[in-house]
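File shown: upload_1.txt. Contents: compact mmCIF, C-alpha atoms.
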# COMPACT_ATOMS: atom_id res chain seq x y z
CA MET A 1 -58.77 8.86 -10.49
CA SER A 2 -55.25 9.90 -9.61
CA GLY A 3 -54.63 7.03 -7.23
CA LYS A 4 -51.81 5.55 -9.22
CA ALA A 5 -50.05 8.87 -9.85
CA ALA A 6 -50.08 9.68 -6.14
CA ARG A 7 -48.00 6.63 -5.24
CA PRO A 8 -44.51 7.37 -3.93
CA LYS A 9 -41.69 6.97 -6.40
CA PRO A 10 -39.40 3.99 -5.87
CA ALA A 11 -36.41 4.76 -3.70
CA GLN A 12 -33.40 5.13 -5.96
CA THR A 13 -30.76 4.23 -3.42
CA GLY A 14 -29.23 1.37 -5.32
CA GLU A 15 -28.71 -0.51 -2.05
CA SER A 16 -30.18 -3.93 -1.45
CA LYS A 17 -33.18 -3.66 0.84
CA VAL A 18 -34.02 -7.34 0.71
CA SER A 19 -32.26 -9.79 3.04
CA PHE A 20 -32.26 -13.41 1.92
CA PHE A 21 -31.92 -16.40 4.27
CA PRO A 22 -30.95 -19.29 1.98
CA ALA A 23 -30.97 -21.85 4.79
CA TRP A 24 -34.77 -21.48 5.05
CA CYS A 25 -35.43 -21.04 1.32
CA LYS A 26 -37.06 -23.94 -0.55
CA ARG A 27 -36.65 -22.23 -3.94
CA CYS A 28 -40.38 -22.22 -4.67
CA GLY A 29 -40.12 -19.03 -6.72
CA ASN A 30 -43.11 -17.12 -5.29
CA CYS A 31 -41.02 -14.00 -4.62
CA VAL A 32 -39.58 -13.92 -8.13
CA ALA A 33 -42.92 -14.69 -9.83
CA PHE A 34 -44.99 -12.11 -7.96
CA CYS A 35 -42.57 -9.17 -7.57
CA PRO A 36 -44.71 -6.39 -9.10
CA ARG A 37 -41.60 -4.59 -10.42
CA GLY A 38 -39.64 -7.62 -11.62
CA ALA A 39 -36.71 -6.72 -9.39
CA LEU A 40 -35.99 -10.29 -8.29
CA LYS A 41 -34.39 -13.00 -10.39
CA ARG A 42 -33.31 -16.56 -9.77
CA ASP A 43 -29.62 -17.38 -9.65
CA GLN A 44 -28.11 -20.50 -11.21
CA TRP A 45 -29.03 -22.48 -8.10
CA GLY A 46 -32.67 -21.38 -8.18
CA TYR A 47 -32.36 -19.01 -5.21
CA PRO A 48 -33.75 -15.47 -5.47
CA VAL A 49 -31.41 -12.49 -5.83
CA LEU A 50 -32.24 -8.80 -6.02
CA ALA A 51 -31.10 -8.42 -9.60
CA ASP A 52 -32.33 -4.85 -10.08
CA PRO A 53 -32.26 -2.97 -6.75
CA ASP A 54 -33.30 0.30 -8.39
CA ARG A 55 -36.62 -1.22 -9.36
CA CYS A 56 -37.38 -2.44 -5.80
CA THR A 57 -39.94 -0.21 -4.04
CA SER A 58 -39.74 -2.12 -0.71
CA CYS A 59 -43.43 -2.94 -1.05
CA GLY A 60 -42.88 -6.14 0.92
CA LEU A 61 -45.04 -8.39 -1.27
CA CYS A 62 -42.18 -10.90 -1.67
CA GLU A 63 -41.84 -11.13 2.11
CA MET A 64 -45.58 -11.68 2.59
CA LEU A 65 -45.83 -14.25 -0.22
CA CYS A 66 -42.78 -16.20 0.97
CA PRO A 67 -44.14 -19.32 2.67
CA ASP A 68 -40.82 -19.98 4.40
CA PHE A 69 -39.98 -16.63 6.04
CA ALA A 70 -36.78 -16.81 4.00
CA LEU A 71 -36.53 -13.14 3.09
CA SER A 72 -37.18 -9.82 4.73
CA VAL A 73 -37.52 -6.31 3.31
CA GLY A 74 -36.32 -3.22 5.12
CA GLU A 75 -34.00 -2.39 7.97
CA ALA A 76 -36.07 -3.90 10.79
CA GLY A 77 -35.35 -7.44 9.64
CA PRO A 78 -34.78 -10.40 11.91
CA LYS A 79 -31.99 -10.27 14.44
CA PRO A 80 -30.24 -13.49 15.39
CA ALA A 81 -31.22 -15.10 18.69
CA GLY A 82 -28.34 -16.29 20.87
CA ALA A 83 -27.63 -19.92 21.70
CA GLY A 84 -29.86 -21.32 24.44
CA ALA A 85 -32.33 -18.51 23.95
CA PRO A 86 -35.27 -18.57 26.39
CA ARG A 87 -38.84 -19.34 25.38
CA GLY A 88 -40.41 -16.46 23.50
CA SER A 89 -37.16 -15.18 22.12
CA ARG A 90 -36.91 -14.19 18.52
CA VAL A 91 -36.44 -16.92 15.95
CA ALA A 92 -34.09 -15.91 13.19
CA PRO A 93 -33.17 -17.82 10.08
CA THR A 94 -29.46 -18.26 9.72
CA THR A 95 -27.93 -16.30 6.90
CA SER A 96 -25.21 -18.86 6.25
CA PRO A 97 -25.53 -20.08 2.68
CA GLU A 98 -26.41 -23.71 3.35
CA ARG A 99 -27.39 -24.17 -0.22
CA LEU A 100 -28.79 -27.30 -1.73
CA ALA A 101 -27.59 -28.90 -4.93
CA PRO A 102 -28.43 -27.01 -8.12
CA GLU A 103 -31.69 -27.95 -9.74
CA PRO A 104 -31.29 -29.97 -12.96
CA ASN A 105 -33.40 -27.64 -15.09
CA GLY A 106 -31.81 -24.42 -13.95
CA GLY A 107 -34.30 -23.67 -11.19
CA GLU A 108 -37.31 -23.47 -13.48
CA GLU A 109 -40.28 -25.38 -12.08
CA ASP A 110 -42.39 -27.33 -14.52
CA GLY A 111 -44.87 -28.15 -11.75
CA ASN A 112 -45.83 -31.49 -13.24
CA GLY A 113 -42.80 -33.46 -12.16
CA MET B 1 -51.84 0.60 17.32
CA PRO B 2 -49.03 1.86 15.11
CA PRO B 3 -48.41 -0.32 12.07
CA VAL B 4 -46.05 -3.16 12.89
CA HIS B 5 -43.19 -4.24 10.69
CA ARG B 6 -43.69 -7.51 8.85
CA SER B 7 -40.61 -9.00 10.47
CA VAL B 8 -42.51 -9.21 13.78
CA VAL B 9 -43.47 -12.74 12.72
CA TYR B 10 -39.97 -13.89 13.75
CA ASP B 11 -40.90 -12.96 17.34
CA TRP B 12 -43.94 -15.24 17.27
CA LEU B 13 -42.34 -18.36 15.77
CA ARG B 14 -41.23 -21.13 18.15
CA HIS B 15 -37.49 -20.97 18.39
CA ASP B 16 -37.12 -24.62 19.42
CA LYS B 17 -38.89 -25.92 16.31
CA LYS B 18 -36.99 -27.03 13.28
CA PHE B 19 -37.03 -24.59 10.39
CA PRO B 20 -37.57 -24.66 7.46
CA HIS B 21 -40.99 -26.11 8.23
CA VAL B 22 -42.44 -29.37 6.88
CA TRP B 23 -44.67 -28.01 4.12
CA CYS B 24 -43.90 -28.46 0.42
CA PRO B 25 -42.00 -25.66 -1.34
CA GLY B 26 -44.51 -22.95 -2.23
CA CYS B 27 -47.32 -24.26 0.01
CA GLY B 28 -49.89 -21.61 0.90
CA LEU B 29 -49.90 -22.68 4.56
CA GLY B 30 -46.63 -20.81 5.14
CA ILE B 31 -48.17 -17.65 3.68
CA LEU B 32 -51.24 -18.11 5.90
CA LEU B 33 -49.00 -18.61 8.95
CA GLY B 34 -47.28 -15.28 8.33
CA SER B 35 -50.61 -13.59 7.69
CA LEU B 36 -52.14 -14.97 10.89
CA LEU B 37 -49.16 -13.84 12.96
CA ARG B 38 -49.35 -10.32 11.53
CA ALA B 39 -53.11 -10.23 12.21
CA LEU B 40 -52.56 -11.35 15.81
CA VAL B 41 -49.90 -8.69 16.42
CA GLU B 42 -52.02 -6.00 14.74
CA SER B 43 -54.91 -6.98 17.02
CA GLY B 44 -52.73 -6.01 19.99
CA LEU B 45 -52.99 -9.44 21.56
CA ASP B 46 -50.40 -10.86 23.93
CA LYS B 47 -48.99 -14.33 23.29
CA ASN B 48 -50.52 -15.56 26.57
CA GLN B 49 -54.03 -14.52 25.46
CA VAL B 50 -54.07 -16.67 22.33
CA VAL B 51 -54.73 -20.40 21.89
CA LEU B 52 -54.34 -22.10 18.52
CA VAL B 53 -56.14 -25.41 17.99
CA SER B 54 -55.74 -27.60 14.93
CA GLY B 55 -56.93 -30.97 13.69
CA ILE B 56 -55.11 -33.39 11.42
CA GLY B 57 -53.65 -32.74 8.02
CA CYS B 58 -51.05 -30.39 6.61
CA SER B 59 -52.84 -27.49 8.33
CA GLY B 60 -52.56 -29.36 11.64
CA ARG B 61 -48.87 -28.54 11.69
CA LEU B 62 -49.46 -24.78 11.70
CA PRO B 63 -49.98 -24.10 15.45
CA VAL B 64 -46.89 -26.18 16.22
CA TYR B 65 -44.69 -23.39 14.86
CA VAL B 66 -46.34 -20.56 16.80
CA ASP B 67 -45.14 -19.49 20.24
CA VAL B 68 -48.61 -19.43 21.82
CA GLY B 69 -50.63 -22.05 23.69
CA SER B 70 -51.46 -24.64 21.06
CA VAL B 71 -53.23 -27.99 20.80
CA HIS B 72 -52.83 -30.44 17.93
CA THR B 73 -55.98 -32.53 18.27
CA THR B 74 -57.61 -35.53 16.60
CA HIS B 75 -59.01 -35.50 13.09
CA GLY B 76 -61.96 -33.15 12.66
CA ARG B 77 -62.23 -32.35 16.36
CA ALA B 78 -60.40 -29.02 16.54
CA LEU B 79 -63.68 -27.17 17.17
CA THR B 80 -64.72 -29.49 19.98
CA PHE B 81 -61.44 -28.96 21.83
CA ALA B 82 -61.72 -25.23 21.11
CA THR B 83 -65.24 -25.18 22.57
CA GLY B 84 -63.96 -26.73 25.78
CA ILE B 85 -61.07 -24.27 26.04
CA LYS B 86 -63.32 -21.27 25.39
CA LEU B 87 -65.94 -22.33 27.96
CA ALA B 88 -63.31 -23.06 30.61
CA LYS B 89 -61.29 -19.90 29.96
CA PRO B 90 -63.56 -17.33 28.27
CA GLU B 91 -60.87 -14.64 28.47
CA LEU B 92 -58.67 -16.49 25.95
CA LYS B 93 -58.81 -15.83 22.21
CA VAL B 94 -59.33 -19.26 20.69
CA ILE B 95 -58.48 -19.77 17.02
CA THR B 96 -58.82 -23.06 15.16
CA VAL B 97 -56.96 -23.91 11.97
CA MET B 98 -58.48 -26.70 9.90
CA GLY B 99 -58.22 -28.05 6.40
CA ASP B 100 -61.20 -28.52 4.11
CA GLY B 101 -61.46 -32.26 4.75
CA ASP B 102 -60.85 -31.79 8.46
CA ALA B 103 -63.54 -29.10 8.79
CA THR B 104 -66.25 -30.25 6.38
CA ALA B 105 -65.93 -34.04 6.19
CA ILE B 106 -64.56 -35.59 9.35
CA GLY B 107 -65.52 -32.56 11.44
CA GLY B 108 -68.47 -31.39 9.33
CA ASN B 109 -70.96 -31.97 12.12
CA HIS B 110 -68.88 -29.95 14.56
CA LEU B 111 -68.52 -27.08 12.09
CA ILE B 112 -72.24 -26.56 11.51
CA HIS B 113 -73.09 -26.87 15.21
CA ALA B 114 -70.28 -24.57 16.31
CA ALA B 115 -71.61 -22.03 13.79
CA ARG B 116 -75.19 -22.52 15.02
CA ARG B 117 -74.11 -22.16 18.64
CA ASN B 118 -72.15 -18.99 17.80
CA LEU B 119 -69.40 -19.44 20.35
CA ASP B 120 -66.70 -16.75 20.27
CA ILE B 121 -64.17 -18.78 18.25
CA THR B 122 -62.36 -17.95 15.02
CA ALA B 123 -62.23 -20.85 12.57
CA ILE B 124 -59.68 -20.62 9.77
CA ILE B 125 -60.46 -23.21 7.12
CA VAL B 126 -57.70 -23.79 4.58
CA ASN B 127 -59.31 -25.02 1.38
CA ASN B 128 -56.91 -26.76 -0.99
CA GLN B 129 -59.69 -28.88 -2.52
CA THR B 130 -58.05 -32.19 -1.65
CA TYR B 131 -56.58 -34.35 1.14
CA GLY B 132 -53.02 -33.21 0.55
CA MET B 133 -51.17 -34.99 3.35
CA THR B 134 -52.51 -38.47 2.61
CA GLY B 135 -51.87 -38.39 -1.12
CA GLY B 136 -54.58 -36.43 -2.91
CA GLN B 137 -57.84 -38.26 -2.24
CA TYR B 138 -60.99 -36.29 -3.06
CA SER B 139 -62.46 -34.18 -0.29
CA PRO B 140 -65.91 -32.54 0.05
CA THR B 141 -64.55 -29.46 -1.71
CA THR B 142 -63.03 -31.21 -4.72
CA PRO B 143 -64.80 -29.69 -7.73
CA LEU B 144 -67.08 -31.79 -9.92
CA GLY B 145 -65.05 -33.47 -12.63
CA ALA B 146 -61.63 -32.85 -11.03
CA LYS B 147 -59.23 -35.77 -10.80
CA ALA B 148 -58.06 -37.23 -7.50
CA THR B 149 -56.26 -40.36 -6.35
CA THR B 150 -59.65 -41.86 -5.47
CA ALA B 151 -61.33 -40.34 -8.55
CA PRO B 152 -58.98 -41.14 -11.45
CA TYR B 153 -61.74 -40.61 -14.05
CA GLY B 154 -62.94 -37.36 -12.51
CA HIS B 155 -64.96 -36.64 -9.40
CA ILE B 156 -68.68 -37.40 -9.76
CA GLU B 157 -69.96 -35.51 -6.69
CA PRO B 158 -70.67 -31.79 -6.44
CA SER B 159 -68.59 -29.85 -3.91
CA PHE B 160 -69.33 -27.97 -0.71
CA ASP B 161 -69.11 -24.17 -0.60
CA ILE B 162 -67.54 -23.80 2.85
CA SER B 163 -68.46 -20.13 3.23
CA ALA B 164 -72.09 -20.63 2.19
CA LEU B 165 -72.35 -23.66 4.48
CA SER B 166 -71.01 -21.71 7.48
CA ALA B 167 -73.27 -18.73 6.74
CA THR B 168 -76.35 -20.93 6.47
CA ALA B 169 -75.42 -22.74 9.67
CA GLY B 170 -75.44 -19.40 11.49
CA ALA B 171 -71.90 -18.05 11.78
CA ALA B 172 -71.73 -14.36 12.75
CA PHE B 173 -68.81 -13.59 10.44
CA VAL B 174 -67.88 -15.33 7.21
CA ALA B 175 -65.10 -14.22 4.88
CA ARG B 176 -63.15 -15.74 2.03
CA SER B 177 -59.73 -14.94 0.67
CA THR B 178 -56.80 -16.66 -1.00
CA VAL B 179 -53.14 -16.87 -0.12
CA TYR B 180 -52.40 -14.75 -3.19
CA HIS B 181 -54.54 -11.86 -1.81
CA VAL B 182 -52.32 -11.71 1.27
CA THR B 183 -52.94 -8.09 2.33
CA GLN B 184 -56.69 -8.71 2.20
CA LEU B 185 -56.15 -11.94 4.12
CA ASP B 186 -54.33 -10.01 6.89
CA GLN B 187 -57.31 -7.65 7.23
CA LEU B 188 -59.96 -10.38 7.12
CA LEU B 189 -58.18 -12.44 9.78
CA GLY B 190 -57.95 -9.34 11.97
CA GLN B 191 -61.67 -8.66 11.54
CA ALA B 192 -62.57 -12.28 12.29
CA ILE B 193 -60.43 -12.26 15.44
CA ALA B 194 -62.02 -9.00 16.64
CA LYS B 195 -65.59 -10.14 15.91
CA PRO B 196 -67.55 -11.48 18.90
CA GLY B 197 -69.14 -14.75 17.85
CA PHE B 198 -68.22 -17.53 15.48
CA GLY B 199 -66.00 -16.23 12.67
CA VAL B 200 -65.11 -18.33 9.65
CA VAL B 201 -62.34 -17.38 7.24
CA GLU B 202 -62.08 -19.67 4.23
CA VAL B 203 -58.59 -19.45 2.77
CA LEU B 204 -58.07 -20.86 -0.71
CA SER B 205 -54.60 -22.34 -0.95
CA PRO B 206 -52.83 -24.20 -3.74
CA CYS B 207 -51.90 -27.87 -3.31
CA HIS B 208 -49.69 -28.15 -6.36
CA THR B 209 -48.11 -31.35 -5.04
CA ASN B 210 -51.30 -33.40 -5.20
CA PHE B 211 -54.35 -31.54 -6.53
CA GLY B 212 -52.37 -29.46 -9.01
CA ARG B 213 -50.29 -32.37 -10.28
CA GLN B 214 -53.26 -34.67 -10.84
CA ASN B 215 -55.26 -31.97 -12.60
CA ARG B 216 -52.34 -30.55 -14.63
CA LEU B 217 -52.66 -27.11 -13.06
CA GLY B 218 -48.92 -26.43 -13.08
CA SER B 219 -46.81 -25.09 -10.23
CA GLN B 220 -48.09 -23.19 -7.20
CA VAL B 221 -47.24 -19.99 -9.08
CA ASP B 222 -49.65 -20.98 -11.86
CA MET B 223 -52.33 -21.91 -9.32
CA MET B 224 -51.91 -18.59 -7.49
CA LYS B 225 -52.12 -16.70 -10.79
CA GLU B 226 -55.43 -18.50 -11.29
CA PHE B 227 -56.58 -17.18 -7.89
CA LYS B 228 -55.52 -13.71 -9.04
CA ARG B 229 -57.47 -14.08 -12.30
CA LYS B 230 -60.63 -15.49 -10.72
CA GLY B 231 -60.67 -13.58 -7.43
CA MET B 232 -63.13 -10.70 -7.28
CA ARG B 233 -64.33 -8.41 -4.49
CA VAL B 234 -67.67 -9.72 -3.30
CA GLU B 235 -69.25 -6.26 -3.74
CA ARG B 236 -68.39 -6.38 -7.45
CA TRP B 237 -69.28 -10.05 -7.73
CA ARG B 238 -72.83 -9.39 -6.49
CA GLU B 239 -73.37 -6.91 -9.34
CA LEU B 240 -72.52 -9.56 -11.96
CA PRO B 241 -75.40 -11.12 -13.88
CA GLU B 242 -76.40 -14.53 -12.52
CA GLY B 243 -74.93 -16.43 -15.46
CA ARG B 244 -71.42 -15.01 -15.10
CA ARG B 245 -70.93 -15.49 -11.36
CA ALA B 246 -69.54 -19.03 -11.62
CA GLU B 247 -66.46 -17.74 -13.49
CA SER B 248 -65.24 -15.73 -10.50
CA ILE B 249 -64.57 -16.40 -6.84
CA PRO B 250 -66.13 -13.80 -4.50
CA LEU B 251 -63.56 -12.62 -1.93
CA GLY B 252 -63.97 -10.43 1.13
CA VAL B 253 -66.49 -10.23 3.97
CA LEU B 254 -69.46 -12.35 2.90
CA VAL B 255 -71.45 -12.21 6.15
CA ASP B 256 -71.06 -9.85 9.12
CA ARG B 257 -74.00 -9.81 11.53
CA ASP B 258 -74.58 -9.38 15.24
CA LEU B 259 -76.03 -12.49 16.82
CA PRO B 260 -76.32 -13.60 20.47
CA VAL B 261 -72.93 -15.01 21.51
CA PHE B 262 -73.04 -18.34 23.34
CA GLY B 263 -70.70 -17.32 26.17
CA GLN B 264 -72.79 -14.28 27.11
CA SER B 265 -76.07 -16.21 26.93
CA TYR B 266 -74.52 -18.93 29.09
CA ASP B 267 -73.40 -16.40 31.73
CA ARG B 268 -76.94 -14.93 31.84
CA ILE B 269 -78.47 -18.37 32.36
CA CYS B 270 -75.95 -19.15 35.12
CA ASP B 271 -76.83 -15.87 36.88
CA ALA B 272 -80.57 -16.53 36.61
CA ALA B 273 -80.20 -20.09 37.87
CA SER B 274 -78.05 -19.08 40.85
CA ARG B 275 -80.52 -16.29 41.79
CA ARG B 276 -83.42 -18.71 41.73
CA GLY B 277 -81.40 -21.18 43.78
CA GLU B 278 -80.68 -18.57 46.44
CA ALA B 279 -84.33 -17.41 46.54
CA GLY B 280 -85.45 -21.01 47.14
CA LYS B 281 -83.25 -21.48 50.22

Starting from the coordinates I provided, produce the structure as structure tokens.
Amino acid sequence: MSGKAARPKPAQTGESKVSFFPAWCKRCGNCVAFCPRGALKRDQWGYPVLADPDRCTSCGLCEMLCPDFALSVGEAGPKPAGAGAPRGSRVAPTTSPERLAPEPNGGEEDGNG
Amino acid sequence: MPPVHRSVVYDWLRHDKKFPHVWCPGCGLGILLGSLLRALVESGLDKNQVVLVSGIGCSGRLPVYVDVGSVHTTHGRALTFATGIKLAKPELKVITVMGDGDATAIGGNHLIHAARRNLDITAIIVNNQTYGMTGGQYSPTTPLGAKATTAPYGHIEPSFDISALSATAGAAFVARSTVYHVTQLDQLLGQAIAKPGFGVVEVLSPCHTNFGRQNRLGSQVDMMKEFKRKGMRVERWRELPEGRRAESIPLGVLVDRDLPVFGQSYDRICDAASRRGEAGK
């Protein structure tokens, strides 16, 4: 079985391939918890950041496991829709950092609260 | 169809709805919504060909966010409204989204008879093992012994297996996945949408707010890791010895069979009846 060896190497561009839309983010932590390469970390507010861009392989798992459509991987990400956009036009999360107050325990969820 | 980029979901969300959506942080319904939109686009369907029907509960909010024809119906009756839509407009692709309580308790009768009738409808049943929206009361899928608002000492009834129930009732396609196994979920939803006849996709989803909190299962990340640990391809699961099967959850296509589809049978009967009517004139 050479299935694993045949996988493409991660792109070593060093550029951020993940776009975050904090206004839609609820800081659930799915993206950070399930990134297979551990490239994402939480910042002091609990929001995800691409802490290690070299480790990101653009697999897109964080985008698919994000329940809030609050991040997108790759160049073909969402484009903003203009004001008064007609029905059927593209919905885009705003990228303005409308951040919520910092979480008291540093963004770590205990889940039993 | 060339592969579509994941960001196509932003084209299918309703731009006049308020985002972020109403679900709790980390809720699996958001993951399912993205998965369903990708499956619809991959199927090559146009927005005007699709109707989403939902009942009541957290899952009832899902079609509201999608830019297709959608109906948010009464509790448990999503399949009855869907039946009417499909019979009136057979060219439409009708998809219902229901929760476990919606589909198997309040609408349990409709589920088994829709499966028996084998109408060309896709039923997505989101199983979070509780009534999440109303505060965590036990549902027909709450496991034996699990705690719930209405079962503080542990649930004393055995639970339904939604997939087995649908298969026994006669559905043409039955599949199960979880919101953690999201690439598999994309594929299964696509297969269910393409399948002529009644297709059921049971989607296991964490309700960490109510079910998880009351049963000390941790955050939604912990609950999804549990799905990852327990989930097993059904082909592998069938090879397990009988005694070890309960430890794992079989995922994938459980039933895929060709059965007479109600719409086609109905058209044949209509033709036969109209021919006899003309001959009698």

Open item on the list: I'd like the contact shell of Leu251 in chain B - 9 Å cut-off, only C-alpha atoms, skipping same-chain residues fewer than 2 positions apart - returned as a list of chain:residue names.
Closed with: B:Ala175, B:Arg176, B:Ser177, B:Thr178, B:Gln184, B:Gly231, B:Met232, B:Arg233, B:Val234, B:Glu235, B:Trp237, B:Ile249, B:Val253, B:Leu254

Task: Residue among A:Gly29, A:Val18, A:Asp68, A:Arg37 lying closest to Leu50 in chain A, counting all atoms listed in the file - done: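 Among A:Gly29, A:Val18, A:Asp68, A:Arg37, it is A:Val18 that comes nearest to Leu50 in chain A.
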
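Interatomic distance, CA of Arg14 in chain B against CA of Trp24 in chain A: 14.6 Å.
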
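Across B:Leu240, B:Met223, B:Ala105, B:Val50, the tightest approach to chain A is made by B:Met223 when counting all atoms listed in the file.
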
- [ ] Would you mind telling me which residue in B:Val94, B:Val200, B:Leu29, B:Leu37 lies nearest to chain A when using all atoms listed in the file?
- [x] B:Leu29

Please produce, as JSON lines, a per-residue contact table for chain B versus chain A (criterion: any atom at most 6 Å away, all atoms listed in the file considered), showing the nearest atom pair and its distance in Å to one decimal, sorted by chain then residue number.
{"residue": "B:Ser7", "atom": "CA", "partner": "A:Gly77", "partner_atom": "CA", "distance": 5.5}
{"residue": "B:Tyr10", "atom": "CA", "partner": "A:Val91", "partner_atom": "CA", "distance": 5.1}
{"residue": "B:Asp11", "atom": "CA", "partner": "A:Arg90", "partner_atom": "CA", "distance": 4.3}
{"residue": "B:His15", "atom": "CA", "partner": "A:Val91", "partner_atom": "CA", "distance": 4.8}
{"residue": "B:Pro20", "atom": "CA", "partner": "A:Trp24", "partner_atom": "CA", "distance": 4.9}
{"residue": "B:Pro25", "atom": "CA", "partner": "A:Cys28", "partner_atom": "CA", "distance": 5.1}
{"residue": "B:Gly26", "atom": "CA", "partner": "A:Cys28", "partner_atom": "CA", "distance": 4.9}
{"residue": "B:Gly30", "atom": "CA", "partner": "A:Pro67", "partner_atom": "CA", "distance": 3.8}
{"residue": "B:Ile31", "atom": "CA", "partner": "A:Pro67", "partner_atom": "CA", "distance": 4.5}
{"residue": "B:Arg213", "atom": "CA", "partner": "A:Asn112", "partner_atom": "CA", "distance": 5.4}
{"residue": "B:Gly218", "atom": "CA", "partner": "A:Gly111", "partner_atom": "CA", "distance": 4.6}
{"residue": "B:Ser219", "atom": "CA", "partner": "A:Gly111", "partner_atom": "CA", "distance": 3.9}

TODO: Write out as a list in words the residues lying within 7 Å of Gln49 in chain B, counting all atoms listed in the file and excluding same-chain residues fewer than 4 positions away.
DONE: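 Residues meeting the cut-off are Leu45, Leu92 and Lys93 of chain B.
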
Suppose we keep C-alpha atoms; can you now write the selection as an mmCIF file, in the frame of the given file?
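Resulting contents of selection30.cif:
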data_model
loop_
_atom_site.group_PDB
_atom_site.id
_atom_site.type_symbol
_atom_site.label_atom_id
_atom_site.label_comp_id
_atom_site.auth_asym_id
_atom_site.auth_seq_id
_atom_site.Cartn_x
_atom_site.Cartn_y
_atom_site.Cartn_z
ATOM 1 C CA LEU B 45 -52.990 -9.440 21.560
ATOM 2 C CA LEU B 92 -58.670 -16.490 25.950
ATOM 3 C CA LYS B 93 -58.810 -15.830 22.210
#

Task: Pick from B:Ile156, B:Arg38, B:Lys47, B:Ile124, whichever lies nearest to Ala78 in chain B using all atoms listed in the file - done: B:Ile124

Open item on the list: Residues within 7 Å of range 68-77 of chain B, please, as an MDAnalysis selection string. Count all atoms listed in the file; anything in the same chain fewer than 6 positions from it doesn't count.
Closed with: chainID B and resid 47:48 50:56 60 102:103 106:107

Mind dumping the selected residues with C-alpha atoms as a short mmCIF file (atom, residue, chain, number, x, y, z; two decimals), in the coordinates of the input?
data_model
loop_
_atom_site.label_atom_id
_atom_site.label_comp_id
_atom_site.auth_asym_id
_atom_site.auth_seq_id
_atom_site.Cartn_x
_atom_site.Cartn_y
_atom_site.Cartn_z
CA LYS B 47 -48.99 -14.33 23.29
CA ASN B 48 -50.52 -15.56 26.57
CA VAL B 50 -54.07 -16.67 22.33
CA VAL B 51 -54.73 -20.40 21.89
CA LEU B 52 -54.34 -22.10 18.52
CA VAL B 53 -56.14 -25.41 17.99
CA SER B 54 -55.74 -27.60 14.93
CA GLY B 55 -56.93 -30.97 13.69
CA ILE B 56 -55.11 -33.39 11.42
CA GLY B 60 -52.56 -29.36 11.64
CA ASP B 102 -60.85 -31.79 8.46
CA ALA B 103 -63.54 -29.10 8.79
CA ILE B 106 -64.56 -35.59 9.35
CA GLY B 107 -65.52 -32.56 11.44
#

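Considering all atoms listed in the file, the residue among B:Pro206, B:Gly34, B:Gly99, B:Pro158 positioned nearest to Leu185 in chain B is B:Gly34.
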
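The shortest atom-to-atom distance to Ser35 in chain B, with only C-alpha atoms taken into account, belongs to B:Val179 out of B:Val97, B:Val261, B:Cys207, B:Val179.
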
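Put simply, CA of Val221 in chain B is 25.2 Å away from CA of Arg236 in chain B.
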
- [ ] Pick out the residues sitting within 12 Å of Glu42 in chain B, and hand them over as a VMD selection string; count all atoms listed in the file, and ignore anything fewer than 2 positions along from it in its own chain.
- [x] chain B and resid 1 to 6 8 to 9 35 to 40 44 to 46 186 to 191 193 to 194

TODO: Determine, counting only C-alpha atoms, which protein, DNA and RNA residues have an atom within 10 Å of an atom of Cys58 in chain B; residues of the same chain fewer than 6 positions away are not included. Present the result as a PyMOL selection string.
DONE: chain B and resi 22-24+27+29+98-99+126+131-134

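The spacing separating CA of Ala169 in chain B from CA of Asp120 in chain B amounts to 15.0 Å.
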